[in-house]
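Engineer: Input structure: entry-v7.cif, which contains mmCIF, C-alpha atoms.
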data_final
loop_
_atom_site.group_PDB
_atom_site.id
_atom_site.type_symbol
_atom_site.label_atom_id
_atom_site.label_comp_id
_atom_site.auth_asym_id
_atom_site.auth_seq_id
_atom_site.Cartn_x
_atom_site.Cartn_y
_atom_site.Cartn_z
ATOM 1 C CA MET A 1 71.071 94.911 132.987
ATOM 2 C CA LYS A 2 72.362 98.066 134.617
ATOM 3 C CA PRO A 3 75.461 97.453 136.765
ATOM 4 C CA GLU A 4 74.069 98.836 140.027
ATOM 5 C CA ILE A 5 70.868 96.812 139.691
ATOM 6 C CA ALA A 6 72.915 93.661 139.043
ATOM 7 C CA VAL A 7 74.943 94.224 142.221
ATOM 8 C CA ARG A 8 71.800 94.957 144.254
ATOM 9 C CA GLN A 9 70.032 91.817 143.059
ATOM 10 C CA LEU A 10 73.051 89.625 143.716
ATOM 11 C CA ALA A 11 73.671 91.065 147.211
ATOM 12 C CA HIS A 12 69.995 90.687 148.105
ATOM 13 C CA GLY A 13 69.931 87.138 146.711
ATOM 14 C CA LEU A 14 72.906 86.284 148.923
ATOM 15 C CA GLY A 15 70.867 87.391 151.945
ATOM 16 C CA TYR A 16 72.523 90.758 152.597
ATOM 17 C CA ARG A 17 70.285 93.682 153.458
ATOM 18 C CA PHE A 18 71.337 97.220 152.674
ATOM 19 C CA ARG A 19 70.318 100.838 152.326
ATOM 20 C CA LEU A 20 70.673 102.863 149.152
ATOM 21 C CA HIS A 21 72.482 106.176 148.590
ATOM 22 C CA ARG A 22 72.709 107.414 152.171
ATOM 23 C CA ARG A 23 73.016 111.165 151.927
ATOM 24 C CA ASP A 24 74.852 111.508 155.226
ATOM 25 C CA LEU A 25 77.875 109.569 153.903
ATOM 26 C CA PRO A 26 80.534 111.044 151.605
ATOM 27 C CA GLY A 27 79.823 110.248 147.970
ATOM 28 C CA ARG A 28 76.372 108.793 148.709
ATOM 29 C CA PRO A 29 77.491 105.152 148.325
ATOM 30 C CA ASP A 30 75.316 102.966 146.105
ATOM 31 C CA LEU A 31 74.862 100.213 148.716
ATOM 32 C CA VAL A 32 75.294 100.759 152.460
ATOM 33 C CA PHE A 33 75.449 97.905 154.981
ATOM 34 C CA PRO A 34 75.096 99.834 158.263
ATOM 35 C CA SER A 35 75.468 96.915 160.685
ATOM 36 C CA ARG A 36 78.695 95.845 158.971
ATOM 37 C CA ARG A 37 79.986 99.427 158.469
ATOM 38 C CA LYS A 38 80.644 98.615 154.821
ATOM 39 C CA VAL A 39 79.732 100.435 151.631
ATOM 40 C CA ILE A 40 79.880 99.574 147.952
ATOM 41 C CA PHE A 41 80.242 101.985 145.064
ATOM 42 C CA VAL A 42 79.291 100.711 141.607
ATOM 43 C CA HIS A 43 81.408 102.699 139.156
ATOM 44 C CA GLY A 44 80.964 103.047 135.425
ATOM 45 C CA CYS A 45 84.281 102.227 133.770
ATOM 46 C CA PHE A 46 84.244 105.283 131.487
ATOM 47 C CA TRP A 47 82.955 107.869 133.954
ATOM 48 C CA HIS A 48 85.309 106.828 136.753
ATOM 49 C CA GLN A 49 88.214 105.867 134.443
ATOM 50 C CA HIS A 50 88.808 102.229 135.364
ATOM 51 C CA SER A 51 92.582 101.748 135.182
ATOM 52 C CA ASP A 52 92.617 97.974 134.597
ATOM 53 C CA PRO A 53 94.239 97.292 131.190
ATOM 54 C CA GLU A 54 91.901 94.285 130.762
ATOM 55 C CA CYS A 55 88.825 96.535 130.860
ATOM 56 C CA LYS A 56 87.249 96.826 127.409
ATOM 57 C CA ILE A 57 84.809 99.588 128.396
ATOM 58 C CA THR A 58 87.015 102.414 129.607
ATOM 59 C CA ARG A 59 88.714 104.706 127.146
ATOM 60 C CA LYS A 60 90.055 108.209 126.834
ATOM 61 C CA PRO A 61 87.930 110.530 124.708
ATOM 62 C CA LYS A 62 89.467 111.402 121.365
ATOM 63 C CA SER A 63 87.492 114.581 120.697
ATOM 64 C CA ASN A 64 86.885 117.653 122.835
ATOM 65 C CA GLN A 65 89.619 116.627 125.257
ATOM 66 C CA ASP A 66 89.798 120.102 126.799
ATOM 67 C CA TYR A 67 86.361 119.410 128.223
ATOM 68 C CA TRP A 68 86.431 115.661 128.889
ATOM 69 C CA LEU A 69 89.851 115.060 130.436
ATOM 70 C CA PRO A 70 89.494 117.572 133.304
ATOM 71 C CA LYS A 71 85.928 116.363 133.932
ATOM 72 C CA LEU A 72 86.992 112.712 134.181
ATOM 73 C CA GLU A 73 90.043 113.608 136.301
ATOM 74 C CA ARG A 74 87.740 115.462 138.732
ATOM 75 C CA ASN A 75 85.575 112.342 139.000
ATOM 76 C CA VAL A 76 88.601 110.195 139.880
ATOM 77 C CA SER A 77 89.880 112.773 142.369
ATOM 78 C CA ARG A 78 86.460 113.075 144.021
ATOM 79 C CA ASP A 79 86.190 109.269 144.262
ATOM 80 C CA MET A 80 89.523 109.097 146.109
ATOM 81 C CA GLU A 81 88.437 111.874 148.479
ATOM 82 C CA HIS A 82 85.160 110.091 149.281
ATOM 83 C CA ARG A 83 86.942 106.782 149.951
ATOM 84 C CA SER A 84 89.436 108.518 152.213
ATOM 85 C CA ARG A 85 86.719 110.288 154.213
ATOM 86 C CA LEU A 86 84.725 107.069 154.596
ATOM 87 C CA HIS A 87 87.819 105.226 155.883
ATOM 88 C CA GLU A 88 88.399 108.034 158.391
ATOM 89 C CA MET A 89 84.800 107.578 159.573
ATOM 90 C CA GLY A 90 85.420 103.845 160.131
ATOM 91 C CA TRP A 91 83.721 102.445 157.018
ATOM 92 C CA ASP A 92 85.134 99.732 154.744
ATOM 93 C CA VAL A 93 84.774 100.591 151.064
ATOM 94 C CA ALA A 94 84.548 98.339 148.011
ATOM 95 C CA ILE A 95 84.399 99.406 144.381
ATOM 96 C CA VAL A 96 82.570 97.248 141.859
ATOM 97 C CA TRP A 97 83.397 98.227 138.291
ATOM 98 C CA GLU A 98 80.861 98.055 135.489
ATOM 99 C CA CYS A 99 82.937 95.462 133.607
ATOM 100 C CA GLU A 100 83.030 93.230 136.707
ATOM 101 C CA THR A 101 79.243 92.921 136.724
ATOM 102 C CA LYS A 102 79.359 90.873 133.513
ATOM 103 C CA ASN A 103 80.753 87.810 135.343
ATOM 104 C CA ARG A 104 78.169 87.008 138.025
ATOM 105 C CA ASP A 105 80.127 84.120 139.577
ATOM 106 C CA SER A 106 83.196 86.266 140.082
ATOM 107 C CA LEU A 107 81.075 89.138 141.410
ATOM 108 C CA LYS A 108 79.322 86.770 143.812
ATOM 109 C CA GLY A 109 82.690 85.723 145.246
ATOM 110 C CA GLN A 110 83.833 89.314 145.482
ATOM 111 C CA LEU A 111 80.693 90.345 147.379
ATOM 112 C CA THR A 112 80.811 87.340 149.690
ATOM 113 C CA GLN A 113 84.460 87.993 150.518
ATOM 114 C CA PHE A 114 83.881 91.693 151.204
ATOM 115 C CA LEU A 115 80.669 91.294 153.191
ATOM 116 C CA GLY A 116 81.348 87.928 154.829
#
Take the structure in the file and write it out as structure tokens.
Structural biologist:
Amino acid sequence: MKPEIAVRQLAHGLGYRFRLHRRDLPGRPDLVFPSRRKVIFVHGCFWHQHSDPECKITRKPKSNQDYWLPKLERNVSRDMEHRSRLHEMGWDVAIVWECETKNRDSLKGQLTQFLG
């Protein structure tokens, strides 16, 4: 199952209602909880370069590094900028990594803690 869909289904199953990809917010967060002023980004471990050493999905490309490394660094830099702008606007931000969606019980606790 795709990571974002897994997070959506779990959040909805827990009774939380949300909007998707609001264009008026920096980074167009994947899930937006307007009444709580909270947003969730669901990041792919490779594309957003998950830094957790336990993550089995993320990796540095071995070929064509002149292309890939700057591209991935721009993604990480842009993510930080979006989080910063959202915090300035008064929004709480959570990141759910692709590898974290594999353990539904842990993800359920993470969502409940963030949204509770």
Engineer: To test your reading of the syntax: which residues would the PyMOL selection byres ((chain A and resi 10) around 12) return for the file shown? Reply as a PyMOL selection string.
Structural biologist: chain A and resi 3-9+11-18+31+101+103-112
Engineer: Can you tell me how far atom CA of Gln113 of chain A sits from atom CA of Leu86 of chain A, in Å to one decimal?
Structural biologist: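 Distance reported for this atom pair: 19.5 Å.
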Engineer: Determine the residue membership of the PyMOL selection byres ((chain A and resi 20) around 6) for the file above and supply it as a list of chain:residue names.
Structural biologist: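 This file gives the following for the PyMOL selection byres ((chain A and resi 20) around 6): A:Arg19, A:His21, A:Arg22, A:Asp30, A:Leu31.
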Engineer: What is the distance between atom CA of Phe33 of chain A and atom CA of His48 of chain A, in Å to one decimal?
Structural biologist: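 For atom CA of Phe33 of chain A relative to atom CA of His48 of chain A, the distance reads 22.6 Å.
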Engineer: Would you kindly return, as an mmCIF file with C-alpha atoms, in the coordinates of the input, each protein, DNA or RNA residue with an atom no farther than 12 Å from any atom of segment 68-77 of chain A, considering all atoms listed in the file and excluding same-chain residues fewer than 2 positions away?
Structural biologist:
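As a result, result-v4.cif now contains:
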data_model
loop_
_atom_site.group_PDB
_atom_site.id
_atom_site.type_symbol
_atom_site.label_atom_id
_atom_site.label_comp_id
_atom_site.auth_asym_id
_atom_site.auth_seq_id
_atom_site.Cartn_x
_atom_site.Cartn_y
_atom_site.Cartn_z
ATOM 1 C CA GLY A 27 79.823 110.248 147.970
ATOM 2 C CA HIS A 43 81.408 102.699 139.156
ATOM 3 C CA GLY A 44 80.964 103.047 135.425
ATOM 4 C CA CYS A 45 84.281 102.227 133.770
ATOM 5 C CA PHE A 46 84.244 105.283 131.487
ATOM 6 C CA TRP A 47 82.955 107.869 133.954
ATOM 7 C CA HIS A 48 85.309 106.828 136.753
ATOM 8 C CA GLN A 49 88.214 105.867 134.443
ATOM 9 C CA HIS A 50 88.808 102.229 135.364
ATOM 10 C CA SER A 51 92.582 101.748 135.182
ATOM 11 C CA THR A 58 87.015 102.414 129.607
ATOM 12 C CA ARG A 59 88.714 104.706 127.146
ATOM 13 C CA LYS A 60 90.055 108.209 126.834
ATOM 14 C CA PRO A 61 87.930 110.530 124.708
ATOM 15 C CA LYS A 62 89.467 111.402 121.365
ATOM 16 C CA SER A 63 87.492 114.581 120.697
ATOM 17 C CA ASN A 64 86.885 117.653 122.835
ATOM 18 C CA GLN A 65 89.619 116.627 125.257
ATOM 19 C CA ASP A 66 89.798 120.102 126.799
ATOM 20 C CA ASP A 79 86.190 109.269 144.262
ATOM 21 C CA MET A 80 89.523 109.097 146.109
ATOM 22 C CA GLU A 81 88.437 111.874 148.479
ATOM 23 C CA HIS A 82 85.160 110.091 149.281
ATOM 24 C CA ARG A 83 86.942 106.782 149.951
ATOM 25 C CA SER A 84 89.436 108.518 152.213
#
Engineer: Using only C-alpha atoms, list the residues that have an atom at most 9 Å from (87.3, 95.8, 131.9), coordinates as in the file, as a PyMOL selection string.
Structural biologist: chain A and resi 45+50-58+97-100
Engineer: How far is it from atom CA of His87 of chain A to atom CA of Pro26 of chain A, in Å with one decimal?
Structural biologist: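 Computing it gives 10.3 Å between the two atoms.
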Engineer: Show me, as AutoDock Vina command-line options, the centre and edge lengths in Å to one decimal of the axis-aligned box that covers every listed atom of segment 19-25 of chain A with 6 Å on each side.
Structural biologist:
--center_x 74.1 --center_y 106.2 --center_z 151.9 --size_x 19.6 --size_y 22.7 --size_z 18.6
Engineer: Kindly resolve the PyMOL selection byres ((chain A and resi 41) around 8) on the present coordinates and return the residues as a ChimeraX atom specification.
Structural biologist: /A:29-31,39-40,42-43,93-96
Engineer: Taking all atoms listed in the file into account, which of A:Arg23, A:Arg28, A:Lys2, A:Ser35 comes nearest Arg78 of chain A?
Structural biologist: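 Of A:Arg23, A:Arg28, A:Lys2, A:Ser35, the one nearest Arg78 of chain A is A:Arg28, counting all atoms listed in the file.
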Engineer: Fix up segment 45-56 of chain A with all heavy atoms, then write it as a PDB file, in the frame of the given file.
Structural biologist:
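Listing of selection02.pdb after writing:
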ATOM      1  N   CYS A  45      82.859 102.261 134.160  1.00  0.00           N
ATOM      2  CA  CYS A  45      84.281 102.227 133.770  1.00  0.00           C
ATOM      3  C   CYS A  45      84.726 103.500 133.050  1.00  0.00           C
ATOM      4  O   CYS A  45      85.830 103.980 133.272  1.00  0.00           O
ATOM      5  CB  CYS A  45      84.554 100.996 132.914  1.00  0.00           C
ATOM      6  SG  CYS A  45      84.371  99.452 133.830  1.00  0.00           S
ATOM      7  N   PHE A  46      83.880 104.053 132.196  1.00  0.00           N
ATOM      8  CA  PHE A  46      84.244 105.283 131.487  1.00  0.00           C
ATOM      9  C   PHE A  46      84.230 106.477 132.431  1.00  0.00           C
ATOM     10  O   PHE A  46      85.203 107.221 132.538  1.00  0.00           O
ATOM     11  CB  PHE A  46      83.303 105.540 130.304  1.00  0.00           C
ATOM     12  CG  PHE A  46      83.507 106.888 129.673  1.00  0.00           C
ATOM     13  CD1 PHE A  46      84.613 107.117 128.868  1.00  0.00           C
ATOM     14  CD2 PHE A  46      82.623 107.924 129.903  1.00  0.00           C
ATOM     15  CE1 PHE A  46      84.827 108.367 128.300  1.00  0.00           C
ATOM     16  CE2 PHE A  46      82.827 109.172 129.340  1.00  0.00           C
ATOM     17  CZ  PHE A  46      83.929 109.399 128.530  1.00  0.00           C
ATOM     18  N   TRP A  47      83.139 106.666 133.139  1.00  0.00           N
ATOM     19  CA  TRP A  47      82.955 107.869 133.954  1.00  0.00           C
ATOM     20  C   TRP A  47      83.947 107.964 135.106  1.00  0.00           C
ATOM     21  O   TRP A  47      84.300 109.059 135.536  1.00  0.00           O
ATOM     22  CB  TRP A  47      81.532 107.939 134.485  1.00  0.00           C
ATOM     23  CG  TRP A  47      80.563 108.152 133.393  1.00  0.00           C
ATOM     24  CD1 TRP A  47      79.695 107.238 132.869  1.00  0.00           C
ATOM     25  CD2 TRP A  47      80.391 109.338 132.617  1.00  0.00           C
ATOM     26  NE1 TRP A  47      78.994 107.784 131.835  1.00  0.00           N
ATOM     27  CE2 TRP A  47      79.395 109.080 131.655  1.00  0.00           C
ATOM     28  CE3 TRP A  47      80.975 110.593 132.647  1.00  0.00           C
ATOM     29  CZ2 TRP A  47      78.981 110.037 130.742  1.00  0.00           C
ATOM     30  CZ3 TRP A  47      80.557 111.541 131.738  1.00  0.00           C
ATOM     31  CH2 TRP A  47      79.573 111.256 130.795  1.00  0.00           C
ATOM     32  N   HIS A  48      84.382 106.829 135.619  1.00  0.00           N
ATOM     33  CA  HIS A  48      85.309 106.828 136.753  1.00  0.00           C
ATOM     34  C   HIS A  48      86.697 106.346 136.339  1.00  0.00           C
ATOM     35  O   HIS A  48      87.542 106.104 137.191  1.00  0.00           O
ATOM     36  CB  HIS A  48      84.736 105.988 137.896  1.00  0.00           C
ATOM     37  CG  HIS A  48      83.452 106.550 138.423  1.00  0.00           C
ATOM     38  ND1 HIS A  48      83.409 107.452 139.450  1.00  0.00           N
ATOM     39  CD2 HIS A  48      82.169 106.355 138.038  1.00  0.00           C
ATOM     40  CE1 HIS A  48      82.147 107.787 139.694  1.00  0.00           C
ATOM     41  NE2 HIS A  48      81.378 107.131 138.836  1.00  0.00           N
ATOM     42  N   GLN A  49      86.921 106.182 135.034  1.00  0.00           N
ATOM     43  CA  GLN A  49      88.214 105.867 134.443  1.00  0.00           C
ATOM     44  C   GLN A  49      88.885 104.647 135.078  1.00  0.00           C
ATOM     45  O   GLN A  49      89.944 104.737 135.698  1.00  0.00           O
ATOM     46  CB  GLN A  49      89.143 107.089 134.493  1.00  0.00           C
ATOM     47  CG  GLN A  49      88.698 108.206 133.577  1.00  0.00           C
ATOM     48  CD  GLN A  49      88.777 107.808 132.111  1.00  0.00           C
ATOM     49  OE1 GLN A  49      89.848 107.687 131.565  1.00  0.00           O
ATOM     50  NE2 GLN A  49      87.634 107.564 131.491  1.00  0.00           N
ATOM     51  N   HIS A  50      88.270 103.495 134.885  1.00  0.00           N
ATOM     52  CA  HIS A  50      88.808 102.229 135.364  1.00  0.00           C
ATOM     53  C   HIS A  50      90.211 102.045 134.778  1.00  0.00           C
ATOM     54  O   HIS A  50      90.398 102.115 133.570  1.00  0.00           O
ATOM     55  CB  HIS A  50      87.881 101.088 134.931  1.00  0.00           C
ATOM     56  CG  HIS A  50      88.204  99.777 135.558  1.00  0.00           C
ATOM     57  ND1 HIS A  50      87.655  98.607 135.114  1.00  0.00           N
ATOM     58  CD2 HIS A  50      88.993  99.453 136.616  1.00  0.00           C
ATOM     59  CE1 HIS A  50      88.109  97.614 135.857  1.00  0.00           C
ATOM     60  NE2 HIS A  50      88.915  98.105 136.766  1.00  0.00           N
ATOM     61  N   SER A  51      91.181 101.792 135.629  1.00  0.00           N
ATOM     62  CA  SER A  51      92.582 101.748 135.182  1.00  0.00           C
ATOM     63  C   SER A  51      93.064 100.350 134.809  1.00  0.00           C
ATOM     64  O   SER A  51      94.212 100.196 134.403  1.00  0.00           O
ATOM     65  CB  SER A  51      93.487 102.329 136.276  1.00  0.00           C
ATOM     66  OG  SER A  51      93.347 101.559 137.458  1.00  0.00           O
ATOM     67  N   ASP A  52      92.220  99.341 134.940  1.00  0.00           N
ATOM     68  CA  ASP A  52      92.617  97.974 134.597  1.00  0.00           C
ATOM     69  C   ASP A  52      92.811  97.852 133.081  1.00  0.00           C
ATOM     70  O   ASP A  52      91.898  98.130 132.315  1.00  0.00           O
ATOM     71  CB  ASP A  52      91.539  97.001 135.064  1.00  0.00           C
ATOM     72  CG  ASP A  52      91.903  95.537 134.847  1.00  0.00           C
ATOM     73  OD1 ASP A  52      92.936  95.250 134.206  1.00  0.00           O
ATOM     74  OD2 ASP A  52      91.145  94.680 135.318  1.00  0.00           O
ATOM     75  N   PRO A  53      94.004  97.417 132.638  1.00  0.00           N
ATOM     76  CA  PRO A  53      94.239  97.292 131.190  1.00  0.00           C
ATOM     77  C   PRO A  53      93.358  96.234 130.528  1.00  0.00           C
ATOM     78  O   PRO A  53      93.178  96.248 129.316  1.00  0.00           O
ATOM     79  CB  PRO A  53      95.722  96.914 131.089  1.00  0.00           C
ATOM     80  CG  PRO A  53      96.138  96.497 132.439  1.00  0.00           C
ATOM     81  CD  PRO A  53      95.175  97.082 133.427  1.00  0.00           C
ATOM     82  N   GLU A  54      92.788  95.313 131.301  1.00  0.00           N
ATOM     83  CA  GLU A  54      91.901  94.285 130.762  1.00  0.00           C
ATOM     84  C   GLU A  54      90.490  94.815 130.477  1.00  0.00           C
ATOM     85  O   GLU A  54      89.719  94.165 129.784  1.00  0.00           O
ATOM     86  CB  GLU A  54      91.792  93.113 131.745  1.00  0.00           C
ATOM     87  CG  GLU A  54      93.104  92.419 132.038  1.00  0.00           C
ATOM     88  CD  GLU A  54      93.652  91.685 130.825  1.00  0.00           C
ATOM     89  OE1 GLU A  54      92.872  90.997 130.141  1.00  0.00           O
ATOM     90  OE2 GLU A  54      94.856  91.820 130.564  1.00  0.00           O
ATOM     91  N   CYS A  55      90.164  95.974 131.024  1.00  0.00           N
ATOM     92  CA  CYS A  55      88.825  96.535 130.860  1.00  0.00           C
ATOM     93  C   CYS A  55      88.622  96.992 129.415  1.00  0.00           C
ATOM     94  O   CYS A  55      89.387  97.797 128.897  1.00  0.00           O
ATOM     95  CB  CYS A  55      88.612  97.699 131.815  1.00  0.00           C
ATOM     96  SG  CYS A  55      86.979  98.445 131.659  1.00  0.00           S
ATOM     97  N   LYS A  56      87.560  96.495 128.807  1.00  0.00           N
ATOM     98  CA  LYS A  56      87.249  96.826 127.409  1.00  0.00           C
ATOM     99  C   LYS A  56      86.331  98.045 127.309  1.00  0.00           C
ATOM    100  O   LYS A  56      86.082  98.534 126.212  1.00  0.00           O
ATOM    101  CB  LYS A  56      86.574  95.638 126.716  1.00  0.00           C
ATOM    102  CG  LYS A  56      87.347  94.344 126.792  1.00  0.00           C
ATOM    103  CD  LYS A  56      88.584  94.392 125.927  1.00  0.00           C
ATOM    104  CE  LYS A  56      89.218  93.017 125.852  1.00  0.00           C
ATOM    105  NZ  LYS A  56      90.633  93.017 126.129  1.00  0.00           N
TER     106      LYS A  56
END
